[in-house]
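Next comes structure_0.cif, a file with mmCIF, C-alpha atoms and all ligand atoms.
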```
data_start
loop_
_atom_site.label_atom_id
_atom_site.label_comp_id
_atom_site.auth_asym_id
_atom_site.auth_seq_id
_atom_site.Cartn_x
_atom_site.Cartn_y
_atom_site.Cartn_z
CA MET A 61 -36.35 -16.49 -5.25
CA LYS A 62 -37.72 -13.15 -4.04
CA ASN A 63 -36.86 -11.66 -0.64
CA ALA A 64 -37.85 -8.07 0.24
CA GLY A 65 -36.85 -6.69 -3.15
CA PHE A 66 -33.75 -8.84 -3.37
CA TYR A 67 -33.13 -12.09 -5.25
CA LYS A 68 -30.70 -14.88 -4.61
CA ILE A 69 -28.25 -15.23 -7.47
CA LYS A 70 -28.25 -18.82 -8.64
CA THR A 71 -24.85 -20.40 -9.09
CA THR A 72 -23.88 -23.94 -9.89
CA CYS A 73 -22.54 -24.38 -6.37
CA MET A 74 -23.89 -22.36 -3.46
CA VAL A 75 -26.84 -20.02 -3.55
CA ARG A 76 -26.38 -17.47 -0.87
CA ILE A 77 -25.86 -13.82 -1.84
CA LEU A 78 -28.85 -11.57 -2.21
CA ALA A 79 -28.83 -9.18 -5.12
CA ASN A 80 -31.28 -6.59 -6.38
CA GLU A 81 -32.68 -6.59 -9.90
CA SER A 82 -29.94 -4.38 -11.31
CA ILE A 83 -27.20 -6.70 -10.05
CA CYS A 84 -29.08 -9.76 -11.34
CA ALA A 85 -29.22 -8.09 -14.75
CA LYS A 86 -25.47 -7.46 -14.65
CA TYR A 87 -24.89 -11.06 -13.61
CA HIS A 88 -27.01 -12.41 -16.44
CA GLY A 89 -25.08 -10.48 -19.04
CA LYS A 90 -27.41 -7.56 -19.76
CA TYR A 91 -24.40 -5.21 -19.48
CA GLY A 92 -21.97 -7.44 -21.30
CA GLU A 93 -19.76 -10.43 -20.72
CA GLY A 94 -17.01 -8.50 -18.90
CA MET A 95 -19.42 -7.19 -16.27
CA ALA A 96 -20.98 -10.65 -15.79
CA TYR A 97 -17.54 -12.29 -15.47
CA ALA A 98 -16.33 -9.75 -12.87
CA LEU A 99 -19.53 -10.23 -10.90
CA GLU A 100 -19.16 -14.00 -11.01
CA ILE A 101 -15.69 -13.68 -9.42
CA GLN A 102 -17.09 -11.37 -6.75
CA LEU A 103 -19.96 -13.78 -6.13
CA ALA A 104 -17.46 -16.58 -5.46
CA ILE A 105 -15.53 -14.33 -3.06
CA GLY A 106 -18.76 -13.29 -1.35
CA ASN A 107 -19.83 -16.91 -0.94
CA ALA A 108 -16.44 -17.83 0.48
CA PHE A 109 -16.74 -15.11 3.12
CA ASP A 110 -20.45 -15.57 3.88
CA ALA A 111 -21.46 -12.21 2.42
CA ASP A 112 -25.19 -11.54 2.58
CA ARG A 113 -25.53 -9.12 -0.35
CA PHE A 114 -23.76 -6.70 -2.68
CA VAL A 115 -23.37 -3.04 -1.77
CA PRO A 116 -22.39 -0.11 -4.01
CA ILE A 117 -18.95 1.47 -3.80
CA THR A 118 -17.74 4.95 -4.67
CA ARG A 119 -13.95 4.53 -5.08
CA THR A 120 -11.45 1.89 -6.12
CA HIS A 121 -7.67 1.53 -6.14
CA VAL A 122 -5.98 -1.30 -8.02
CA ALA A 123 -2.49 -2.48 -7.08
CA LEU A 124 -1.37 -2.84 -10.70
CA SER A 125 1.97 -4.62 -10.78
CA ALA A 126 2.94 -4.89 -14.47
CA GLN A 127 3.80 -8.55 -14.01
CA ASP A 128 2.53 -11.59 -15.94
CA ALA A 129 -0.55 -12.46 -13.87
CA ASP A 130 -1.63 -8.83 -13.63
CA LEU A 131 -1.41 -8.32 -17.38
CA TRP A 132 -3.13 -11.65 -18.07
CA PHE A 133 -6.11 -10.71 -15.91
CA ALA A 134 -6.42 -7.14 -17.20
CA GLU A 135 -6.31 -8.34 -20.83
CA LYS A 136 -8.80 -11.12 -20.09
CA MET A 137 -11.27 -8.58 -18.71
CA LEU A 138 -10.63 -6.36 -21.70
CA SER A 139 -11.22 -9.22 -24.14
CA LYS A 140 -14.63 -9.70 -22.54
CA GLY A 141 -15.46 -6.06 -23.15
CA ALA A 142 -15.16 -4.94 -19.51
CA LYS A 143 -15.00 -1.23 -18.67
CA CYS A 144 -14.60 0.33 -15.21
CA ILE A 145 -17.66 2.22 -14.03
CA ILE A 146 -15.76 3.42 -10.94
CA PRO A 147 -12.41 4.40 -12.53
CA PRO A 148 -9.66 3.10 -10.22
CA THR A 149 -6.42 4.85 -9.43
CA VAL A 150 -3.50 2.44 -9.94
CA ASN A 151 -0.19 1.49 -8.35
CA PRO A 152 3.19 2.49 -9.77
CA SER A 153 5.00 0.49 -12.40
CA ILE A 154 8.16 1.65 -14.27
CA ASN A 155 8.75 5.10 -15.69
CA LEU A 156 10.38 3.65 -18.81
CA LYS A 157 11.63 6.92 -20.24
CA TYR A 158 13.23 8.22 -17.05
CA LEU A 159 14.88 4.93 -16.16
CA ASN A 160 16.09 4.41 -19.75
CA ASP A 161 17.60 7.90 -19.79
CA HIS A 162 19.14 7.79 -16.33
CA LEU A 163 19.76 4.20 -15.17
CA PHE A 164 19.97 1.59 -17.91
CA GLU A 165 18.34 0.36 -21.12
CA ILE A 166 15.30 -1.53 -19.83
CA PRO A 167 15.31 -4.96 -21.55
CA LYS A 168 12.80 -5.41 -24.38
CA ALA A 169 10.63 -7.91 -22.44
CA GLY A 170 10.37 -5.44 -19.54
CA LYS A 171 9.40 -2.56 -21.82
CA GLU A 172 6.78 -4.71 -23.53
CA ILE A 173 5.04 -5.89 -20.38
CA VAL A 174 4.96 -2.40 -18.86
CA SER A 175 3.60 -0.83 -22.06
CA ALA A 176 1.02 -3.60 -22.54
CA THR A 177 -0.14 -3.31 -18.91
CA ASN A 178 -0.49 0.46 -19.14
CA GLU A 179 -2.45 0.13 -22.36
CA ALA A 180 -4.77 -2.56 -20.94
CA TYR A 181 -5.58 -0.46 -17.86
CA ARG A 182 -6.06 2.67 -19.97
CA LYS A 183 -8.56 0.82 -22.15
CA LEU A 184 -10.33 -0.55 -19.08
CA GLY A 185 -10.89 3.04 -18.00
CA ALA A 186 -8.44 3.28 -15.07
CA GLN A 187 -6.91 6.59 -14.02
CA LEU A 188 -3.21 6.10 -14.73
CA THR A 189 -1.96 7.73 -11.51
CA PHE A 190 0.83 5.15 -10.95
CA ASP A 191 1.06 5.98 -7.26
CA CYS A 192 0.80 3.75 -4.17
CA THR A 193 -0.40 6.41 -1.71
CA PRO A 194 -3.73 7.40 -3.31
CA TYR A 195 -5.17 8.01 0.16
CA LEU A 196 -2.99 11.14 0.48
CA GLN A 197 -3.81 12.65 -2.89
CA GLN A 198 -6.00 11.87 -5.90
CA ASN A 199 -8.29 9.24 -4.35
CA VAL A 200 -9.05 10.25 -0.76
CA PRO A 201 -12.21 8.72 0.73
CA ALA A 202 -14.33 10.17 3.53
CA PHE A 203 -15.33 8.63 6.86
CA GLY A 204 -17.82 5.80 6.36
CA GLU A 205 -17.42 5.64 2.57
CA VAL A 206 -17.60 2.06 1.23
CA ILE A 207 -14.75 1.49 -1.21
CA ALA A 208 -12.57 -1.26 -2.73
CA PHE A 209 -8.84 -0.63 -2.24
CA SER A 210 -5.94 -2.98 -2.77
CA GLU A 211 -2.32 -2.14 -1.79
CA SER A 212 -0.78 -2.93 1.58
CA SER A 213 -0.31 0.58 3.00
CA ALA A 214 -3.58 1.83 1.51
CA THR A 215 -5.95 -0.62 3.20
CA PRO A 216 -4.90 0.11 6.80
CA TYR A 217 -4.73 3.86 6.10
CA VAL A 218 -8.22 4.24 4.67
CA ASN A 219 -9.80 1.91 7.25
CA SER A 220 -7.93 3.07 10.34
CA VAL A 221 -6.89 6.69 9.83
CA ILE A 222 -9.85 7.86 7.74
CA GLY A 223 -12.60 5.43 8.80
CA ALA A 224 -13.61 4.50 5.24
CA ARG A 225 -14.57 0.86 4.74
CA THR A 226 -12.75 -1.63 2.54
CA ASN A 227 -11.68 -5.21 2.76
CA ARG A 228 -8.09 -5.96 1.88
CA GLU A 229 -8.76 -6.44 -1.80
CA GLY A 230 -6.36 -8.09 -4.19
CA SER A 231 -5.61 -6.23 -7.42
CA ASN A 232 -7.95 -8.61 -9.29
CA SER A 233 -10.88 -8.28 -6.89
CA ALA A 234 -10.44 -4.48 -6.77
CA LEU A 235 -10.52 -4.41 -10.58
CA CYS A 236 -13.71 -6.49 -10.55
CA ALA A 237 -15.24 -3.99 -8.11
CA ALA A 238 -14.22 -1.11 -10.40
CA ILE A 239 -15.99 -2.88 -13.28
CA THR A 240 -19.20 -3.79 -11.41
CA GLY A 241 -19.45 -0.83 -8.99
CA VAL A 242 -20.35 -3.15 -6.11
CA VAL A 243 -18.65 -5.39 -3.56
CA PRO A 244 -19.94 -8.33 -1.53
CA ARG A 245 -20.77 -7.17 2.01
CA TYR A 246 -18.55 -8.98 4.53
CA GLY A 247 -15.48 -8.47 6.73
CA LEU A 248 -14.47 -4.88 7.38
CA LEU A 249 -17.61 -3.49 5.77
CA LEU A 250 -19.56 -4.65 8.85
CA ASP A 251 -19.57 -2.73 12.15
CA GLU A 252 -18.98 -5.80 14.29
CA ASN A 253 -15.83 -6.79 12.38
CA ARG A 254 -14.21 -3.38 12.87
CA LYS A 255 -13.93 -3.75 16.65
CA ALA A 256 -10.66 -4.53 18.40
CA GLU A 257 -9.99 -7.87 20.04
CA ILE A 258 -6.31 -7.33 20.84
CA VAL A 259 -5.10 -4.55 23.16
CA VAL A 260 -1.55 -3.38 22.48
CA ASP A 261 -0.10 -1.53 25.44
CA VAL A 262 2.64 0.65 23.94
CA GLN A 263 5.00 1.43 26.82
CA ALA A 264 7.79 2.36 24.41
CA LYS A 265 8.63 5.88 23.31
CA VAL A 266 7.20 6.31 19.79
CA GLU A 267 7.80 9.80 18.47
CA THR A 268 9.31 10.00 14.99
CA ASP A 269 8.03 8.77 11.65
CA PHE A 270 10.81 6.19 11.71
CA ASP A 271 9.64 4.92 15.12
CA TYR A 272 6.38 3.98 13.38
CA GLN A 273 8.30 1.87 10.84
CA ILE A 274 9.76 -0.08 13.75
CA LEU A 275 6.53 -0.31 15.76
CA GLY A 276 4.67 -1.43 12.61
CA TRP A 277 7.21 -4.20 12.04
CA CYS A 278 7.40 -5.18 15.72
CA TYR A 279 3.70 -5.76 16.53
CA PRO A 280 3.07 -8.64 14.07
CA GLU A 281 6.26 -10.29 15.33
CA LYS A 282 4.69 -10.38 18.79
CA TYR A 283 1.17 -11.33 17.72
CA LYS A 284 0.46 -13.22 14.51
CA GLY A 285 -3.36 -13.30 14.54
CA LEU A 286 -5.64 -11.45 12.14
CA GLU A 287 -7.80 -9.80 14.82
CA ILE A 288 -7.97 -6.02 14.91
CA PRO A 289 -5.62 -4.44 17.46
CA VAL A 290 -6.13 -1.23 19.44
CA PHE A 291 -2.90 0.53 20.39
CA ARG A 292 -2.86 2.34 23.74
CA GLY A 293 -0.27 4.70 25.19
CA ILE A 294 0.38 6.77 22.05
CA LYS A 295 -0.09 10.32 23.21
CA LYS A 296 0.63 12.36 20.12
CA ARG A 297 -1.09 12.00 16.75
CA PRO A 298 1.32 10.55 14.16
CA THR A 299 2.03 12.65 11.07
CA PRO A 300 0.54 11.44 7.75
CA GLU A 301 3.97 9.98 7.02
CA GLY A 302 4.02 8.24 10.42
CA PHE A 303 0.60 6.69 9.72
CA MET A 304 1.74 5.71 6.22
CA ASN A 305 4.88 4.01 7.59
CA PHE A 306 2.93 2.29 10.34
CA GLY A 307 0.34 0.71 8.02
CA ALA A 308 2.92 -0.27 5.39
CA GLN A 309 4.98 -2.22 7.91
CA LEU A 310 2.01 -3.73 9.79
CA ASN A 311 0.88 -5.18 6.47
CA THR A 312 4.36 -6.37 5.42
CA SER A 313 5.61 -7.93 8.63
CA GLY A 314 2.04 -9.15 9.24
CA CYS A 315 -1.47 -8.84 7.87
CA VAL A 316 -3.20 -5.94 9.62
CA SER A 317 -5.87 -4.42 7.41
CA MET A 318 -7.20 -2.20 10.18
CA TYR A 319 -6.09 -0.98 13.62
CA HIS A 320 -7.15 1.62 16.14
CA ILE A 321 -5.14 4.05 18.23
CA GLU A 322 -6.98 4.99 21.39
CA GLY A 323 -7.99 8.65 21.42
CA ILE A 324 -6.57 9.26 17.93
CA THR A 325 -8.17 7.23 15.13
CA PRO A 326 -11.81 8.04 14.34
CA GLU A 327 -13.42 4.80 15.47
CA ALA A 328 -11.50 4.76 18.75
CA PRO A 329 -12.33 7.94 20.69
CA THR A 330 -12.09 5.68 23.77
CA LEU A 331 -10.87 2.16 24.42
CA GLU A 332 -14.47 1.07 25.00
CA ALA A 333 -15.56 2.44 21.61
CA ALA A 334 -12.68 0.65 19.87
CA ILE A 335 -13.59 -2.66 21.52
CA GLY A 336 -17.35 -2.19 21.15
CA GLY A 337 -18.28 -4.88 23.66
CA LYS A 338 -16.12 -7.60 22.08
CA LYS A 339 -14.13 -9.96 24.27
CA ILE A 340 -10.44 -9.08 24.47
CA LYS A 341 -8.46 -12.16 23.45
CA GLU A 342 -5.00 -10.96 24.39
CA THR A 343 -3.04 -7.96 25.67
CA ILE A 344 0.38 -7.40 24.09
CA VAL A 345 2.94 -5.14 25.74
CA ILE A 346 5.54 -3.34 23.60
CA THR A 347 8.45 -1.83 25.48
CA ASP A 348 11.49 0.22 24.48
CA LYS A 349 13.47 -3.03 24.67
CA ASP A 350 11.14 -4.70 22.15
CA LEU A 351 11.56 -1.83 19.69
CA ALA A 352 15.32 -1.74 20.23
CA GLU A 353 15.53 -5.47 19.50
CA THR A 354 13.37 -5.18 16.37
CA ARG A 355 15.47 -2.25 15.22
CA GLU A 356 18.73 -4.10 15.76
CA ARG A 357 17.52 -7.22 13.96
CA LEU A 358 15.94 -5.33 11.07
CA CYS A 359 18.26 -2.44 10.39
CA ARG A 360 21.60 -4.28 9.90
CA GLU A 361 25.21 -3.32 10.55
CA PRO A 362 26.93 -0.30 8.97
CA LYS A 363 28.74 -0.93 5.69
CA LYS A 364 29.55 0.58 2.31
CA ILE A 365 26.57 1.09 0.02
CA ASP A 366 26.00 1.11 -3.74
CA PHE A 367 22.85 3.29 -3.81
CA ALA A 368 20.02 4.81 -1.75
CA MET A 369 16.29 4.29 -2.29
CA PHE A 370 13.36 6.22 -0.82
CA GLY A 371 9.70 5.80 -1.68
CA CYS A 372 8.23 2.49 -0.61
CA PRO A 373 5.49 3.65 -0.20
CA HIS A 374 5.91 6.74 -2.40
CA ILE A 375 7.31 9.58 -0.29
CA THR A 376 5.44 12.82 0.32
CA ILE A 377 6.52 16.38 -0.45
CA ASN A 378 7.47 16.77 3.25
CA GLN A 379 9.86 13.84 2.96
CA VAL A 380 11.27 15.21 -0.29
CA ALA A 381 11.84 18.52 1.55
CA THR A 382 13.71 16.68 4.34
CA ILE A 383 15.98 14.98 1.81
CA ALA A 384 16.63 18.30 0.02
CA ARG A 385 17.49 20.00 3.33
CA VAL A 386 20.09 17.34 4.23
CA CYS A 387 21.76 17.21 0.79
CA GLU A 388 21.65 20.91 -0.13
CA GLY A 389 25.07 22.03 -1.35
CA LYS A 390 26.53 18.50 -1.02
CA LYS A 391 27.30 15.70 -3.49
CA PHE A 392 26.14 12.11 -3.25
CA LYS A 393 28.84 9.45 -3.57
CA VAL A 394 26.27 6.86 -4.71
CA PRO A 395 23.12 7.09 -6.86
CA VAL A 396 20.05 8.24 -4.94
CA TRP A 397 16.46 7.52 -6.03
CA LEU A 398 13.32 9.18 -4.67
CA LEU A 399 10.10 7.50 -5.85
CA VAL A 400 7.05 9.78 -5.82
CA SER A 401 3.68 10.40 -7.45
CA SER A 402 3.64 12.59 -10.55
CA LEU A 403 1.88 15.31 -8.50
CA THR A 404 4.62 15.26 -5.86
CA LYS A 405 7.27 15.40 -8.58
CA GLU A 406 5.61 18.48 -10.06
CA LEU A 407 5.42 20.09 -6.62
CA ALA A 408 9.08 19.22 -5.94
CA GLU A 409 9.94 20.98 -9.19
CA ARG A 410 7.98 24.10 -8.23
CA MET A 411 9.44 24.18 -4.73
CA GLY A 412 13.03 23.92 -5.99
CA TYR A 413 13.63 20.58 -4.24
CA ASN A 414 14.15 18.73 -7.51
CA ALA A 415 16.93 21.15 -8.49
CA ILE A 416 18.68 20.75 -5.10
CA ILE A 417 18.48 16.94 -5.28
CA GLN A 418 19.62 16.85 -8.91
CA ARG A 419 22.60 19.12 -8.15
CA ALA A 420 23.59 16.67 -5.41
CA GLY A 421 23.39 13.89 -8.03
CA GLY A 422 20.05 12.35 -7.02
CA HIS A 423 16.89 11.57 -8.98
CA ILE A 424 13.23 12.16 -8.31
CA VAL A 425 11.28 9.71 -10.44
CA SER A 426 7.52 9.40 -10.72
CA ASP A 427 5.30 6.40 -11.51
CA THR A 428 7.83 3.79 -10.39
CA CYS A 429 7.83 0.96 -7.83
CA ILE A 430 10.75 -0.69 -6.01
CA ASP A 431 9.28 -4.07 -6.86
CA VAL A 432 8.70 -4.19 -10.62
CA PRO A 433 11.40 -6.22 -12.35
CA PRO A 434 13.64 -5.63 -14.19
CA CYS A 435 13.59 -1.98 -13.20
CA TRP A 436 16.41 -2.01 -10.62
CA GLN A 437 18.50 -4.75 -12.22
CA PRO A 438 21.80 -2.79 -12.05
CA TYR A 439 21.56 -3.00 -8.25
CA TYR A 440 20.82 -6.75 -8.00
CA HIS A 441 23.33 -8.39 -5.60
CA GLY A 442 24.29 -4.93 -4.32
CA VAL A 443 23.88 -3.04 -1.05
CA GLY A 444 21.52 -0.10 -0.61
CA VAL A 445 20.28 2.14 2.17
CA THR A 446 16.60 2.95 2.71
CA ASP A 447 14.26 4.13 5.46
CA SER A 448 11.68 1.46 4.57
CA PRO A 449 11.69 -2.10 5.95
CA LYS A 450 9.14 -2.97 3.25
CA CYS A 451 11.61 -1.93 0.54
CA ALA A 452 14.28 -4.11 2.15
CA TYR A 453 11.98 -7.11 2.54
CA TYR A 454 10.65 -7.09 -1.03
CA ASN A 455 14.13 -6.90 -2.49
CA GLU A 456 15.54 -9.89 -0.62
CA ILE A 457 14.48 -12.09 -3.56
CA ARG A 458 16.76 -10.04 -5.84
CA ASP A 459 19.66 -10.42 -3.45
CA ILE A 460 19.74 -6.70 -2.74
CA GLU A 461 20.79 -6.09 0.84
CA PHE A 462 19.30 -2.97 2.37
CA ILE A 463 20.63 -1.24 5.48
CA ILE A 464 17.67 0.54 7.09
CA ARG A 465 18.06 3.93 8.75
CA PRO A 466 15.87 7.03 9.32
CA ILE A 467 15.59 9.27 6.24
CA GLU A 468 18.11 11.88 7.41
CA GLU A 469 20.73 9.23 8.28
CA SER A 470 20.11 7.45 4.98
CA VAL A 471 20.69 10.67 3.02
CA GLN A 472 23.89 11.29 4.98
CA ALA A 473 24.99 7.73 4.17
CA ALA A 474 24.51 8.48 0.45
CA ILE A 475 26.69 11.58 0.85
CA ASP A 476 29.37 9.51 2.67
CA GLY A 477 29.04 6.46 0.38
CA GLU A 478 28.59 4.27 3.42
CA VAL A 479 26.45 3.83 6.51
CA LEU A 480 28.77 4.87 9.30
CA LYS A 481 26.75 3.94 12.39
FE1 LIG B 1 4.68 1.29 -3.46
FE2 LIG B 1 5.86 -0.60 -4.82
FE3 LIG B 1 6.56 -0.17 -2.33
S1 LIG B 1 3.73 -0.15 -4.82
S2 LIG B 1 4.68 0.51 -1.39
S3 LIG B 1 6.83 1.27 -4.06
S4 LIG B 1 6.36 -2.16 -3.28
#
```

Mind turning this structure into structure tokens?
Amino acid sequence: MKNAGFYKIKTTCMVRILANESICAKYHGKYGEGMAYALEIQLAIGNAFDADRFVPITRTHVALSAQDADLWFAEKMLSKGAKCIIPPTVNPSINLKYLNDHLFEIPKAGKEIVSATNEAYRKLGAQLTFDCTPYLQQNVPAFGEVIAFSESSATPYVNSVIGARTNREGSNSALCAAITGVVPRYGLLLDENRKAEIVVDVQAKVETDFDYQILGWCYPEKYKGLEIPVFRGIKKRPTPEGFMNFGAQLNTSGCVSMYHIEGITPEAPTLEAAIGGKKIKETIVITDKDLAETRERLCREPKKIDFAMFGCPHITINQVATIARVCEGKKFKVPVWLLVSSLTKELAERMGYNAIIQRAGGHIVSDTCIDVPPCWQPYYHGVGVTDSPKCAYYNEIRDIEFIIRPIEESVQAAIDGEVLK
């Protein structure tokens, strides 16, 4: 069925999405079974969300997880001959060599699934960056660029801070996009869906990077809806780390794929621009008392700790520098782990931070996630300290209790062997 140069792709169920001839050819197998299969999945997603057509993308990021379902899907695509035409960067997994040498012998099943996943993604044509903050280095989109990113801190960062356009992709749908080079046009790709419907009046003092962890956790506790919020009352631009913390927690405590900050983020030069004529459904007020209550509930009471963990999401070179400054010339009483990208690790080496942290007894490890079992098995049922509520939340299922404190206090706790206040 022809329509201004576009055709409707026929499916057994609904017939709705328009596609040009090149996409029809991909769908009908001209470029192989893998391409056709990925496009069929995207067609189903597009139909579910009332997409009108496919649009090309220029970047992808896949939240590889090195777990059973992830490996199953990657190998299935591979078996159908799929190859990424937009090579995705990928999430961290386990740095087998470093953890084997410095923590424990990773069990055989763990080694096998990590190695098989890495191999599958390498053959699919992914860039094996193993980093969860691609928006800071290695895969940084521009304003208005249409992309397909999965990963909870990445989606709000690229949409809100940069003004690129992505839906909150799953790792599977992002991999399909990397294979086909297109995405169905719906949701946050459309102007009208990027406008705010919730005004958040921030009357609290929000100054440090850690304050953004707390604010990011607090907002979804006060408002559960999926509408886009615009935050008012924030006077100073957050640092990249503040933005990173904010998005990571908004998308852990809740599901906020995009937000605006009045006068700061690119699509919100004014409140009116952020709202774009939409009807405001609700105004939420966040006070110092709200943040204090969230902090008290989330951060837990002081106690002895077994280890410290930083890097969920992967910490930046500035955060590594902060940790090095606090621990320089001291010794940690408990193991300390800093999770970073391989580029940040190299930079930490050049800057001398790795040497300072190693002399204190800590480790900087690249390519590794806090959430890939059995990586941190020696700490199961233990107590750790971290600056990241996301790290604490994800590890509840492994019965690891995390006390949450700002980075500097967490490093001091590792030196003392306990959180003192
Ligand atoms: Fe990164 Fe893994 Fe945390 S992907 S954000 S370290 S859960």

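Compared by their closest atoms to ligand LIG 1 (chain B), and using all atoms listed in the file, the residues A:Gly185, A:Pro280, A:Gly307, A:Gly106 rank with A:Gly307 nearest.
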
**Study point:** Spatial neighbours of Lys450 in chain A, max dist 12 Å, only C-alpha atoms, sep filter under 3 positions, as a PyMOL selection string
**Key:** chain A and resi 212-213+273-274+276-277+304-314+358-359+369-374+429-431+446-447+453-456+462-464

Review point. From the set A:Ile340, A:Cys451, A:Ile475, A:Cys278, which residue has the shortest atom-to-atom contact distance to ligand LIG 1 (chain B), counting only C-alpha atoms and all ligand atoms?
Key: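 Result for the nearest residue to ligand LIG 1 (chain B): A:Cys451.
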
**Study point:** Residues within 10 Å of (-15.7, -9.9, -19.4), counting only C-alpha atoms, listed as a PyMOL selection string
**Key:** chain A and resi 89+91-100+134-143+236+239

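Atom pair atom S4 of ligand LIG 1 (chain B) / CA of Ile417 in chain A: separated by 22.7 Å.
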
Check your understanding: Separation of CA of Tyr413 in chain A and CA of Val400 in chain A, in Å?
Key ->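 Pair CA of Tyr413 in chain A / CA of Val400 in chain A returns 12.7 Å.
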
Check your understanding: Out of A:Leu248, A:Leu163, A:Ile346, A:Ile424, which residue has the shortest atom-to-atom distance to Ala264 in chain A when counting only C-alpha atoms?
Key ->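 Of the candidates, the smallest distance to Ala264 in chain A is held by A:Ile346.
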
Practice item. Find the spatial neighbours of Pro300 in chain A, counting all atoms listed in the file, within a cut-off of 12 Å - ignore same-chain residues fewer than 6 positions away - and output them as JSON, numbers by chain. Key: {"A": [193, 195, 196, 197, 213, 217, 218, 221, 222, 268, 269, 272, 306, 307, 375, 376, 377, 378, 379]}

Exercise for review: Excluding Ile145 in chain A and residues on its chain fewer than 6 positions from it, collect all residues at most 12 Å away from it, counting all atoms listed in the file, and give them as a ChimeraX atom specification.
Suggested key: /A:91,94-95,116-120,184-187,235-242

Point to revise | Counting only C-alpha atoms and all ligand atoms, the residue of A:Asp476, A:Glu361, A:Asp261, A:Asp191 that sits nearest ligand LIG 1 (chain B) | key: A:Asp191

Your completed range 227-238 of chain A with N, CA, C and O atoms, as a short mmCIF file (atom, residue, chain, number, x, y, z; two decimals), in the frame of the given file:
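Dumped everything to selection.cif:
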```
data_model
loop_
_atom_site.label_atom_id
_atom_site.label_comp_id
_atom_site.auth_asym_id
_atom_site.auth_seq_id
_atom_site.Cartn_x
_atom_site.Cartn_y
_atom_site.Cartn_z
N ASN A 227 -12.44 -4.02 2.43
CA ASN A 227 -11.68 -5.21 2.76
C ASN A 227 -10.32 -5.10 2.11
O ASN A 227 -10.07 -4.20 1.30
N ARG A 228 -9.41 -5.98 2.50
CA ARG A 228 -8.09 -5.96 1.88
C ARG A 228 -8.21 -6.65 0.53
O ARG A 228 -8.02 -7.85 0.42
N GLU A 229 -8.53 -5.87 -0.47
CA GLU A 229 -8.76 -6.44 -1.80
C GLU A 229 -7.43 -6.82 -2.45
O GLU A 229 -6.40 -6.20 -2.19
N GLY A 230 -7.48 -7.83 -3.31
CA GLY A 230 -6.36 -8.09 -4.19
C GLY A 230 -6.51 -7.18 -5.41
O GLY A 230 -7.58 -6.59 -5.62
N SER A 231 -5.48 -7.10 -6.24
CA SER A 231 -5.61 -6.23 -7.42
C SER A 231 -6.74 -6.75 -8.32
O SER A 231 -7.50 -5.95 -8.88
N ASN A 232 -6.90 -8.07 -8.41
CA ASN A 232 -7.95 -8.61 -9.29
C ASN A 232 -9.34 -8.32 -8.75
O ASN A 232 -10.23 -7.93 -9.51
N SER A 233 -9.53 -8.52 -7.44
CA SER A 233 -10.88 -8.28 -6.89
C SER A 233 -11.20 -6.79 -6.90
O SER A 233 -12.36 -6.41 -7.10
N ALA A 234 -10.19 -5.94 -6.70
CA ALA A 234 -10.44 -4.48 -6.77
C ALA A 234 -10.82 -4.09 -8.20
O ALA A 234 -11.68 -3.22 -8.40
N LEU A 235 -10.17 -4.72 -9.19
CA LEU A 235 -10.52 -4.41 -10.58
C LEU A 235 -11.95 -4.87 -10.88
O LEU A 235 -12.72 -4.16 -11.55
N CYS A 236 -12.31 -6.04 -10.36
CA CYS A 236 -13.71 -6.49 -10.55
C CYS A 236 -14.68 -5.48 -9.95
O CYS A 236 -15.71 -5.17 -10.56
N ALA A 237 -14.36 -4.97 -8.77
CA ALA A 237 -15.24 -3.99 -8.11
C ALA A 237 -15.34 -2.71 -8.95
O ALA A 237 -16.41 -2.11 -9.07
N ALA A 238 -14.21 -2.31 -9.55
CA ALA A 238 -14.22 -1.11 -10.40
C ALA A 238 -15.12 -1.32 -11.61
O ALA A 238 -15.77 -0.40 -12.10
#
```
